[in-house]
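Engineer: Structure in C-alpha cells, see below.
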Amino acid sequence: MPDGLVSATEANRNFSKVLREVEGGARVTITKDGKPVAVLAPADAPDAAGRAQARQRMMALLREGLPLGFSGGVDRDELHTR
C-alpha cells in the first residue's frame with residue numbers, strides 16, 4: 001500500500017499493517033465516506049522540515065513589519081520581494 005488511500009474501516013482493521021507501511025516511508029491517506037480526512041506519514045517526512053522553514057520565514061516577515069492587523073496597501077509584487 002505505498003502512498004495509497006485506505007478507508008477508515010480498513011485502517012482500523014489493519015492498523016498494524018498500515019503503521020508498518022508508514023514506518024517504511026509510505027504516506028497513507030485515510031478516507032471516510034470516500035473523502036480524505038487524515039494523512040498518516042512518517043514523523044521525519046521531508047515536508048515537515050519544509051513546513052517548519054516556512055513557519056520560521058513567516059514569523060520573520062511578521063516581525064519585520066507587517067503586523068497581523070495590517071490593512072494597508074501592499075500589492076502582490078511587493079509581498080514577493082519581501
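Going through the C-alpha cells in order, the chains are called A, B, and so on, while each chain numbers its residues from 1 and the ligands are numbered from 1 in the order shown.
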Can you pull out the residues contacting Val39 (chain A)? Cut-off 7 Å, using only C-alpha atoms, and skip same-chain residues under 3 positions away; I want them as a PDB file with N, CA and C atoms, in the first residue's frame.
Structural biologist:
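For reference, selection.pdb as written:
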```
ATOM      1  N   ARG A  27       3.175   7.259   2.689  1.00  0.00           N
ATOM      2  CA  ARG A  27       2.158   8.188   3.202  1.00  0.00           C
ATOM      3  C   ARG A  27       0.819   7.551   2.885  1.00  0.00           C
ATOM      4  N   VAL A  28      -0.043   7.484   3.876  1.00  0.00           N
ATOM      5  CA  VAL A  28      -1.339   6.848   3.693  1.00  0.00           C
ATOM      6  C   VAL A  28      -2.428   7.867   3.983  1.00  0.00           C
ATOM      7  N   THR A  29      -3.321   8.063   3.032  1.00  0.00           N
ATOM      8  CA  THR A  29      -4.465   8.949   3.228  1.00  0.00           C
ATOM      9  C   THR A  29      -5.640   8.099   3.690  1.00  0.00           C
ATOM     10  N   ILE A  30      -6.217   8.475   4.815  1.00  0.00           N
ATOM     11  CA  ILE A  30      -7.358   7.752   5.370  1.00  0.00           C
ATOM     12  C   ILE A  30      -8.628   8.481   4.959  1.00  0.00           C
TER      13      ILE A  30
END
```
Engineer: Skipping near chain neighbours, those fewer than 5 positions away, what residues fall within 12 Å of Arg20 (chain A) using only C-alpha atoms, listed as a ChimeraX atom specification?
Structural biologist: /A:1-2,11,14-15,25-28,40-42
Engineer: Could you save those same residues with N, CA and C atoms as a PDB file, in the first residue's frame?
Structural biologist:
```
ATOM      1  N   MET A   1       0.830  -1.193   0.000  1.00  0.00           N
ATOM      2  CA  MET A   1       0.000   0.000   0.000  1.00  0.00           C
ATOM      3  C   MET A   1       0.873   1.255   0.000  1.00  0.00           C
ATOM      4  N   PRO A   2       1.909   1.339  -0.807  1.00  0.00           N
ATOM      5  CA  PRO A   2       2.757   2.545  -0.816  1.00  0.00           C
ATOM      6  C   PRO A   2       1.986   3.765  -1.290  1.00  0.00           C
ATOM      7  N   ALA A  11      -8.344   0.913   7.758  1.00  0.00           N
ATOM      8  CA  ALA A  11      -7.225   1.363   8.592  1.00  0.00           C
ATOM      9  C   ALA A  11      -7.382   0.842  10.013  1.00  0.00           C
ATOM     10  N   ASN A  14      -6.696  -2.999  10.009  1.00  0.00           N
ATOM     11  CA  ASN A  14      -5.315  -3.366   9.653  1.00  0.00           C
ATOM     12  C   ASN A  14      -4.308  -2.338  10.130  1.00  0.00           C
ATOM     13  N   PHE A  15      -4.537  -1.757  11.306  1.00  0.00           N
ATOM     14  CA  PHE A  15      -3.690  -0.656  11.752  1.00  0.00           C
ATOM     15  C   PHE A  15      -2.214  -1.044  11.813  1.00  0.00           C
ATOM     16  N   GLY A  25       8.158   4.388   5.119  1.00  0.00           N
ATOM     17  CA  GLY A  25       8.271   5.596   4.310  1.00  0.00           C
ATOM     18  C   GLY A  25       7.032   5.982   3.527  1.00  0.00           C
ATOM     19  N   ALA A  26       5.989   5.149   3.553  1.00  0.00           N
ATOM     20  CA  ALA A  26       4.780   5.454   2.789  1.00  0.00           C
ATOM     21  C   ALA A  26       3.941   6.532   3.483  1.00  0.00           C
ATOM     22  N   ARG A  27       3.175   7.259   2.689  1.00  0.00           N
ATOM     23  CA  ARG A  27       2.158   8.188   3.202  1.00  0.00           C
ATOM     24  C   ARG A  27       0.819   7.551   2.885  1.00  0.00           C
ATOM     25  N   VAL A  28      -0.043   7.484   3.876  1.00  0.00           N
ATOM     26  CA  VAL A  28      -1.339   6.848   3.693  1.00  0.00           C
ATOM     27  C   VAL A  28      -2.428   7.867   3.983  1.00  0.00           C
ATOM     28  N   LEU A  40      -1.507   9.881   7.191  1.00  0.00           N
ATOM     29  CA  LEU A  40      -0.556   9.253   8.098  1.00  0.00           C
ATOM     30  C   LEU A  40       0.778   9.211   7.366  1.00  0.00           C
ATOM     31  N   ALA A  41       1.784   9.875   7.938  1.00  0.00           N
ATOM     32  CA  ALA A  41       3.079   9.976   7.272  1.00  0.00           C
ATOM     33  C   ALA A  41       4.192   9.763   8.288  1.00  0.00           C
ATOM     34  N   PRO A  42       5.371   9.369   7.828  1.00  0.00           N
ATOM     35  CA  PRO A  42       6.491   9.211   8.748  1.00  0.00           C
ATOM     36  C   PRO A  42       6.761  10.512   9.500  1.00  0.00           C
TER      37      PRO A  42
END
```
Engineer: Just give me the gap between CA of Arg51 (chain A) and CA of Lys32 (chain A) in Å, one decimal is fine.
Structural biologist: 26.0 Å
Engineer: Which distance in Å separates CA of Gln56 (chain A) and CA of Asp75 (chain A), to one decimal?
Structural biologist: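 It comes out at 22.3 Å.
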Engineer: In Å, rounded to a single decimal, give me how far CA of Ser7 (chain A) is from CA of Pro36 (chain A).
Structural biologist: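 Between these atoms lies a distance of 8.8 Å.
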Engineer: Quick check for you: according to DSSP on this backbone, which residues of region 1-69 of chain A are classed as helix (DSSP H, G or I)? Reply as an mmCIF file with C-alpha atoms, in the first residue's frame.
Structural biologist:
```cif
data_model
loop_
_atom_site.group_PDB
_atom_site.id
_atom_site.type_symbol
_atom_site.label_atom_id
_atom_site.label_comp_id
_atom_site.auth_asym_id
_atom_site.auth_seq_id
_atom_site.Cartn_x
_atom_site.Cartn_y
_atom_site.Cartn_z
ATOM 1 C CA ALA A 8 -11.152 4.398 8.000
ATOM 2 C CA THR A 9 -12.668 0.943 8.465
ATOM 3 C CA GLU A 10 -9.773 -0.763 6.702
ATOM 4 C CA ALA A 11 -7.225 1.363 8.592
ATOM 5 C CA ASN A 12 -8.865 0.337 11.860
ATOM 6 C CA ARG A 13 -8.882 -3.361 10.980
ATOM 7 C CA PHE A 15 -3.690 -0.656 11.752
ATOM 8 C CA SER A 16 -0.506 -2.654 12.399
ATOM 9 C CA LYS A 17 -0.027 -3.220 8.671
ATOM 10 C CA VAL A 18 -0.734 0.446 7.856
ATOM 11 C CA LEU A 19 1.704 1.532 10.558
ATOM 12 C CA ARG A 20 4.433 -0.764 9.184
ATOM 13 C CA GLU A 21 3.910 0.760 5.737
ATOM 14 C CA VAL A 22 4.263 4.263 7.167
ATOM 15 C CA GLU A 23 7.387 3.233 9.092
ATOM 16 C CA PRO A 46 10.653 15.811 4.291
ATOM 17 C CA ASP A 47 7.643 18.116 4.091
ATOM 18 C CA ALA A 48 7.655 18.527 7.877
ATOM 19 C CA ALA A 49 11.018 20.271 7.607
ATOM 20 C CA GLY A 50 9.715 22.442 4.760
ATOM 21 C CA ARG A 51 6.730 23.497 6.843
ATOM 22 C CA ALA A 52 8.975 24.381 9.758
ATOM 23 C CA GLN A 53 11.130 26.559 7.488
ATOM 24 C CA ALA A 54 8.064 28.263 6.024
ATOM 25 C CA ARG A 55 6.732 28.941 9.524
ATOM 26 C CA GLN A 56 10.064 30.493 10.575
ATOM 27 C CA ARG A 57 10.108 32.673 7.458
ATOM 28 C CA MET A 58 6.530 33.833 8.058
ATOM 29 C CA MET A 59 7.332 34.763 11.657
ATOM 30 C CA ALA A 60 10.413 36.695 10.499
ATOM 31 C CA LEU A 61 8.291 38.619 7.986
ATOM 32 C CA LEU A 62 5.741 39.463 10.668
ATOM 33 C CA ARG A 63 8.496 40.715 12.993
ATOM 34 C CA GLU A 64 9.898 42.713 10.090
#
```
